Amino acid sequence: MRALSFVCSGRYAGILLSCVLTVSPVLAQQETREPEAATGTYQQQLVTAKSYMVSAAHPMATEAGRAILAKGGSAVDAAIAVQLMLGLVEPQSSGIGGGAFMLHWQAKQQQLTSFDGREVAPAGATPALFHVEGKPLDWREAYVGGKSVGVPGVIAMLYQAHQQYGKLPWAELFNDTIKAAEQGFSVSSRTARQLAMGWNKGVSQFYESKQYFFPQGKVVAEGSILKNPAYAATLTAIATKGPDAFYRGELAKAISERVQTAPVNPGTLSEADMAAYQAVQRDALCMPYRLYKVCGMAPPSSGGVTVLQILGILQQFDIKRVAADSVQATHLLAQAAKLAFADRERYLADPAFVSVPLAGMLAPEYLARRAALIDLTAAGAAAEAGVPEGAPALVSAPSPELPNTSHFSIVDAQGNAVSMTSSIENVFGSGLMVGGFMLNNQLTDFSLSPVKNGHLVANRVEAGKRPRSSMAPMMVFDANNKLVLVIGSPGGSRIINYVAQSIVAVLDWQLDVQQALNLPRVTHRNDYLALEKGTALAAQQAILEDMGYKVQLQDLNSGLHAIMLTDGSLQGGADPRREGSVAGQ
């Protein structure tokens with residue numbers, strides 16, 4: 001471990017302003033805008049309970065999950081109810097027209113597993129899917145319409161999880177959302193503001209979404225009552241007939257026709273693509289951190305791997321001695337993230353198509369070598385990808401992941417838990433609506449160009465492939481394999497920074513979950529250092545620029561939802577940057 005020594009002078013707004021950093025030589029040898037815009041802040045307080053708890057991105061979704069747990073339902077049962085309601089009341093962020101990743105902890109059996117409900121590229125997709133006349137589309141043009149729509153995975157994944165871990169009948173989990181869709185619900189401030197901002201032009205131009213969100217030609221206002229009988233009918237069919245009602249028959253035909261006849265960027269998704277979809281159950285990915293074990297999703301999620309890499313790099317430093325609001329904390333978080341993102345861009349993609357060197361990327365000796373590259377006094381240049389054991393010959397390339405996503409955390413009365421992140425990608429997805437729900441634009445999570453500098457890109461488009469994702473549902477266990485933290489966030493590729501910073505805040509800085517979620521956000525994706533504007537972090541800008549950082553102050557729109565398990569108590573937090581809530585008993 002690299003021991004850090006700080007000689008500091010001066011403070012402003014609680015931030016250390018001037019410090020000289022040294023490393024013990026003996027120990028050192030041993031060792032733009034965001035498409036889902038911010039919509040204000042909401043008052044959040046730590047919530048405690050003794051039996052069960054839900055933390056989700058909208059109060060109606062939280063209540064739907066709480067009601068299921070109160071009936072004796074399992075964490076998976078509650079997750080289904082929460083996601084169905086989110087698709088109604090938070091349509092800009094997630095829904096049954098998108099995909100998801102779920103971590104599930106079965107307390108009695110001490111078993112952790114994960115479910116991959118990521119979208120799949122249709123059989124007609126080629127590496128040149130987003131090319132026109134030999135050149136890649138700008139992502140602002142690529143995401144709208146049919147080309148960007150992958151086969152949705154949420155319903156298949158939820159059904160598979162329910163088959164194993166559900167307690168209440170499948171159909172019963174749909175009742176509250178069907179009722180709300182039929183009787184109407186109040187449009188939230190966040191949904192209304194996202195619509196008014198008009199970021200996704202397809203929503204106001206494509207017929208179905210225009211009719212729903214712009215009745216009589218005017219955008220729906222906050223507090224107005226919105227009914228969605230089409231969504232109620234869709235859910236009624238799925239509740240009665242199971243996932244076949246979604247992946248086969250009239251609804252599958254309607255989805256494929258909507259994609260193929262889209263007014264903009266018509267795609268190839270077919271009824272056969274819908275019928276072929278399979279969710280995948282995978283082993284979770286775990287790594288020691290301090291006295292804990294931190295677990296997340298394996299690829300095609302890059303979130304779990306990259307969060308673990310960040311933590312593994314930070315493990316080389318005594319970060320608990322660094323103040324959470326200090327320049328040093330910002331610097332270490334940024335440097336660890338830079339290195340991890342460099343590896344992410346090169347190696348992480350769907351493991352069914354690309355050899356991913358997971359063991360090498362998470363090997364302690366490899367992460368120690370990466371940490372040794374950090375200069376404690378300077379930002380340095382952009383990080384280069386390392387060469388972990390088993391690394392294939394690939395070239396780095398970005399993909400334009402957008403931050404329109406939702407996360408919820410659940411613990412049931414038996415101690416079982418779900419950490420689930422779901423997404424339709426951009427705000428309101430592709431802009432296409434069918435059956436009362438939005439279709440995703442997840443295929444723009446692929447690299448839009450398959451080749452760079454004559455070398456293949458790992459995350460290139462291929463038929464049947466799952467695009468890389470930054471979604472990072474995580475769980476943390478103590479030395480006795482007891483669950484202590486359930487956490488995750490929306491936020492596009494910044495999810496990784498948000499979740500890693502919050503885990504450090506809880507485990508190293510000993511903050512409660514609400515304090516951790518309240519912290520000003522710091523992100524670095526091996527591009528520039530973003531500090532959350534309007535927070536005390538702004539006072540660090542000049543010092544960090546002197547260290548060589550390119551600094552931008554901007555809205556960092558996390559949406560963390562977390563539950564911490566302590567002796568005999570559950571403590572829940574919800575991100576103040578979104579309108580979520582926590583409930584339990």
# chains A, B, ... in the order shown; residues from 1 in each chain; ligands from 1
$ select_by_dssp --residues "range 30-196 of chain A" --states "alpha helix (DSSP H)" --output "PyMOL selection string"
chain A and resi 30+59-70+75-89+139-142+154-165+175-183+189-196
$ residues_around --residues "range 490-505 of chain A" --least-positions-apart "2" --cutoff "7 Å" --atoms "only C-alpha atoms" --output "PyMOL selection string"
chain A and resi 303+306-307+310-311+401-407+470-472+488+507-511+516-517+521+523+557-560
$ closest_residue --among "A:Val427, A:Val47, A:Ala530, A:Val327" --to "Trp199 in chain A" --atoms "only C-alpha atoms"
A:Val427
$ closest_residue --among "A:Val82, A:Ala562, A:Leu251, A:Val484" --to "Ala67 in chain A" --atoms "only C-alpha atoms"
A:Val82
$ atom_distance --atom1 "CA of Cys286 in chain A" --atom2 "CA of Glu365 in chain A"
16.3 Å
$ residues_around --residues "Ala49 in chain A" --least-positions-apart "2" --cutoff "12 Å" --atoms "only C-alpha atoms" --output "PyMOL selection string"
chain A and resi 46-47+51-55+66+411-413+563-573+582-585
$ write_last_selection --atoms "N, CA and C atoms" --output "compact mmCIF listing (two decimals), in the first residue's frame"
# COMPACT_ATOMS: atom_id res chain seq x y z
N LEU A 46 -32.17 10.03 5.24
CA LEU A 46 -31.92 8.63 5.52
C LEU A 46 -33.18 7.99 6.09
N VAL A 47 -33.53 6.82 5.54
CA VAL A 47 -34.72 6.08 5.99
C VAL A 47 -34.24 4.78 6.63
N SER A 51 -37.34 -4.69 8.62
CA SER A 51 -37.73 -5.93 7.94
C SER A 51 -37.40 -5.92 6.45
N TYR A 52 -37.89 -4.93 5.72
CA TYR A 52 -37.69 -4.89 4.27
C TYR A 52 -37.63 -3.45 3.80
N MET A 53 -37.13 -3.24 2.56
CA MET A 53 -36.94 -1.87 2.08
C MET A 53 -36.82 -1.84 0.56
N VAL A 54 -37.30 -0.74 -0.02
CA VAL A 54 -37.18 -0.44 -1.44
C VAL A 54 -36.65 0.99 -1.59
N SER A 55 -35.66 1.17 -2.45
CA SER A 55 -35.22 2.51 -2.84
C SER A 55 -35.26 2.57 -4.35
N ARG A 66 -42.92 -1.73 -2.28
CA ARG A 66 -43.20 -1.89 -0.85
C ARG A 66 -44.47 -2.71 -0.63
N VAL A 411 -34.37 -5.00 -0.53
CA VAL A 411 -34.09 -6.08 0.41
C VAL A 411 -35.42 -6.56 0.97
N ASP A 412 -35.67 -7.87 0.92
CA ASP A 412 -36.94 -8.39 1.42
C ASP A 412 -36.82 -8.88 2.86
N ALA A 413 -37.93 -9.38 3.41
CA ALA A 413 -37.98 -9.74 4.83
C ALA A 413 -37.11 -10.95 5.16
N ILE A 563 -29.13 0.72 -0.28
CA ILE A 563 -29.58 0.21 1.02
C ILE A 563 -28.36 -0.37 1.72
N MET A 564 -28.16 0.02 2.97
CA MET A 564 -27.09 -0.53 3.78
C MET A 564 -27.70 -1.39 4.87
N LEU A 565 -27.13 -2.57 5.07
CA LEU A 565 -27.61 -3.49 6.08
C LEU A 565 -26.66 -3.45 7.27
N THR A 566 -27.18 -3.05 8.42
CA THR A 566 -26.40 -3.05 9.65
C THR A 566 -27.04 -4.05 10.60
N ASP A 567 -26.47 -4.23 11.75
CA ASP A 567 -27.01 -5.20 12.70
C ASP A 567 -28.45 -4.85 13.06
N GLY A 568 -29.38 -5.64 12.57
CA GLY A 568 -30.78 -5.46 12.91
C GLY A 568 -31.47 -4.29 12.27
N SER A 569 -30.87 -3.68 11.25
CA SER A 569 -31.47 -2.48 10.68
C SER A 569 -31.13 -2.36 9.20
N LEU A 570 -32.05 -1.75 8.48
CA LEU A 570 -31.83 -1.38 7.08
C LEU A 570 -31.81 0.13 7.00
N GLN A 571 -30.84 0.68 6.27
CA GLN A 571 -30.74 2.13 6.08
C GLN A 571 -30.75 2.40 4.58
N GLY A 572 -31.69 3.22 4.14
CA GLY A 572 -31.85 3.47 2.72
C GLY A 572 -31.64 4.92 2.36
N GLY A 573 -31.08 5.14 1.17
CA GLY A 573 -30.87 6.48 0.67
C GLY A 573 -31.33 6.59 -0.78
N VAL A 582 -37.51 6.24 -0.70
CA VAL A 582 -37.21 5.01 0.02
C VAL A 582 -38.39 4.69 0.92
N ALA A 583 -38.75 3.42 1.00
CA ALA A 583 -39.82 3.00 1.91
C ALA A 583 -39.52 1.61 2.42
N GLY A 584 -39.97 1.34 3.63
CA GLY A 584 -39.77 0.01 4.21
C GLY A 584 -40.53 -0.13 5.49
N GLN A 585 -40.27 -1.24 6.16
CA GLN A 585 -40.93 -1.49 7.44
C GLN A 585 -40.01 -2.32 8.32
$ residues_around --residues "range 548-556 of chain A" --least-positions-apart "2" --cutoff "8 Å" --atoms "only C-alpha atoms" --output "ChimeraX atom specification"
/A:34,37-38,378-380,521,528-533,538,541,544-546,558
$ closest_residue --among "A:Gly431, A:Pro229, A:Gly72, A:Gly386" --to "Tyr143 in chain A" --atoms "only C-alpha atoms"
A:Gly431
$ closest_residue --among "A:Ser114, A:Thr126, A:Ser256, A:Asn426" --to "Met157 in chain A" --atoms "only C-alpha atoms"
A:Ser114
$ select_by_dssp --residues "range 477-576 of chain A" --states "strand (DSSP E or B)" --output "JSON, numbers by chain"
{"A": [477, 483, 484, 485, 486, 487, 488, 522, 523, 524, 529, 530, 531, 532, 551, 552, 553, 554, 561, 562, 563, 564, 565, 566, 569, 570, 571, 572, 573, 574]}
$ write_last_selection --atoms "C-alpha atoms" --output "compact mmCIF listing (two decimals), in the first residue's frame"
# COMPACT_ATOMS: atom_id res chain seq x y z
CA PHE A 477 -20.30 -8.26 1.54
CA LEU A 483 -24.51 -8.55 2.73
CA VAL A 484 -23.81 -4.96 3.80
CA LEU A 485 -24.59 -2.73 0.79
CA VAL A 486 -26.87 -2.77 -2.27
CA ILE A 487 -26.20 0.10 -4.69
CA GLY A 488 -26.29 1.34 -8.29
CA VAL A 522 -16.45 13.73 -9.49
CA THR A 523 -16.07 11.94 -12.83
CA HIS A 524 -13.20 11.20 -15.18
CA LEU A 529 -12.22 16.00 -15.12
CA ALA A 530 -15.86 16.90 -14.46
CA LEU A 531 -16.78 18.49 -11.15
CA GLU A 532 -20.40 18.94 -10.15
CA VAL A 551 -11.66 20.77 -15.69
CA GLN A 552 -15.30 21.29 -16.53
CA LEU A 553 -17.96 22.33 -14.05
CA GLN A 554 -21.25 20.73 -15.07
CA HIS A 561 -30.31 4.30 -4.85
CA ALA A 562 -28.78 2.32 -2.02
CA ILE A 563 -29.58 0.21 1.02
CA MET A 564 -27.09 -0.53 3.78
CA LEU A 565 -27.61 -3.49 6.08
CA THR A 566 -26.40 -3.05 9.65
CA SER A 569 -31.47 -2.48 10.68
CA LEU A 570 -31.83 -1.38 7.08
CA GLN A 571 -30.74 2.13 6.08
CA GLY A 572 -31.85 3.47 2.72
CA GLY A 573 -30.87 6.48 0.67
CA ALA A 574 -32.09 8.11 -2.56
$ atom_distance --atom1 "CA of Ala233 in chain A" --atom2 "CA of Asp176 in chain A"
13.3 Å
$ closest_residue --among "A:Met287, A:Leu269, A:Val451, A:Leu376" --to "Ala254 in chain A" --atoms "only C-alpha atoms"
A:Leu269
$ closest_residue --among "A:Gln315, A:Ser188, A:Gln278, A:Gln109" --to "Ile155 in chain A" --atoms "only C-alpha atoms"
A:Gln278
$ residues_around --residues "Ser74 in chain A" --least-positions-apart "4" --cutoff "9 Å" --atoms "only C-alpha atoms" --output "MDAnalysis selection string"
chainID A and resid 68:69 78:79 165:168 411:414 416:417
$ atom_distance --atom1 "CA of Met474 in chain A" --atom2 "CA of Met420 in chain A"
8.5 Å
$ residues_around --residues "Met60 in chain A" --least-positions-apart "3" --cutoff "12 Å" --atoms "only C-alpha atoms" --output "MDAnalysis selection string"
chainID A and resid 54:57 63:67 81:90 176:177 180:181 185:188 579:583
$ decode --residues "range 87-132 of chain A" --atoms "C-alpha atoms" --output "PDB file, in the first residue's frame"
ATOM      1  CA  GLY A  87     -42.084   2.137 -17.296  1.00  0.00           C
ATOM      2  CA  LEU A  88     -45.316   4.035 -16.753  1.00  0.00           C
ATOM      3  CA  VAL A  89     -44.272   6.980 -14.567  1.00  0.00           C
ATOM      4  CA  GLU A  90     -40.629   7.401 -15.648  1.00  0.00           C
ATOM      5  CA  PRO A  91     -40.866   6.608 -19.407  1.00  0.00           C
ATOM      6  CA  GLN A  92     -37.866   8.758 -20.249  1.00  0.00           C
ATOM      7  CA  SER A  93     -35.520   6.464 -18.350  1.00  0.00           C
ATOM      8  CA  SER A  94     -36.438   2.786 -18.579  1.00  0.00           C
ATOM      9  CA  GLY A  95     -39.205   0.355 -19.384  1.00  0.00           C
ATOM     10  CA  ILE A  96     -40.155  -2.940 -20.973  1.00  0.00           C
ATOM     11  CA  GLY A  97     -38.916  -1.654 -24.327  1.00  0.00           C
ATOM     12  CA  GLY A  98     -35.353  -1.674 -23.017  1.00  0.00           C
ATOM     13  CA  GLY A  99     -32.877  -3.856 -21.169  1.00  0.00           C
ATOM     14  CA  ALA A 100     -31.526  -4.432 -17.676  1.00  0.00           C
ATOM     15  CA  PHE A 101     -28.977  -6.108 -15.452  1.00  0.00           C
ATOM     16  CA  MET A 102     -29.956  -7.681 -12.117  1.00  0.00           C
ATOM     17  CA  LEU A 103     -27.858  -8.939  -9.218  1.00  0.00           C
ATOM     18  CA  HIS A 104     -29.744 -11.279  -6.896  1.00  0.00           C
ATOM     19  CA  TRP A 105     -28.666 -12.400  -3.415  1.00  0.00           C
ATOM     20  CA  GLN A 106     -30.353 -15.433  -1.876  1.00  0.00           C
ATOM     21  CA  ALA A 107     -29.623 -15.035   1.823  1.00  0.00           C
ATOM     22  CA  LYS A 108     -30.449 -18.513   3.149  1.00  0.00           C
ATOM     23  CA  GLN A 109     -28.406 -20.284   0.486  1.00  0.00           C
ATOM     24  CA  GLN A 110     -25.685 -17.601   0.551  1.00  0.00           C
ATOM     25  CA  GLN A 111     -25.876 -17.533  -3.239  1.00  0.00           C
ATOM     26  CA  LEU A 112     -25.232 -14.571  -5.529  1.00  0.00           C
ATOM     27  CA  THR A 113     -26.202 -14.691  -9.184  1.00  0.00           C
ATOM     28  CA  SER A 114     -26.868 -12.231 -11.977  1.00  0.00           C
ATOM     29  CA  PHE A 115     -29.345 -11.945 -14.823  1.00  0.00           C
ATOM     30  CA  ASP A 116     -28.415 -10.321 -18.126  1.00  0.00           C
ATOM     31  CA  GLY A 117     -31.424  -8.765 -19.847  1.00  0.00           C
ATOM     32  CA  ARG A 118     -29.329  -6.646 -22.207  1.00  0.00           C
ATOM     33  CA  GLU A 119     -30.720  -5.932 -25.672  1.00  0.00           C
ATOM     34  CA  VAL A 120     -29.453  -7.905 -28.669  1.00  0.00           C
ATOM     35  CA  ALA A 121     -28.611  -6.671 -32.153  1.00  0.00           C
ATOM     36  CA  PRO A 122     -30.980  -8.122 -34.769  1.00  0.00           C
ATOM     37  CA  ALA A 123     -29.837 -10.742 -37.278  1.00  0.00           C
ATOM     38  CA  GLY A 124     -29.779  -8.108 -40.013  1.00  0.00           C
ATOM     39  CA  ALA A 125     -27.296  -5.867 -38.171  1.00  0.00           C
ATOM     40  CA  THR A 126     -23.821  -5.552 -39.700  1.00  0.00           C
ATOM     41  CA  PRO A 127     -20.667  -3.749 -38.532  1.00  0.00           C
ATOM     42  CA  ALA A 128     -21.628  -0.967 -40.937  1.00  0.00           C
ATOM     43  CA  LEU A 129     -25.102  -0.523 -39.387  1.00  0.00           C
ATOM     44  CA  PHE A 130     -24.497   3.142 -38.603  1.00  0.00           C
ATOM     45  CA  HIS A 131     -22.534   3.973 -41.757  1.00  0.00           C
ATOM     46  CA  VAL A 132     -23.885   6.053 -44.626  1.00  0.00           C
TER      47      VAL A 132
END
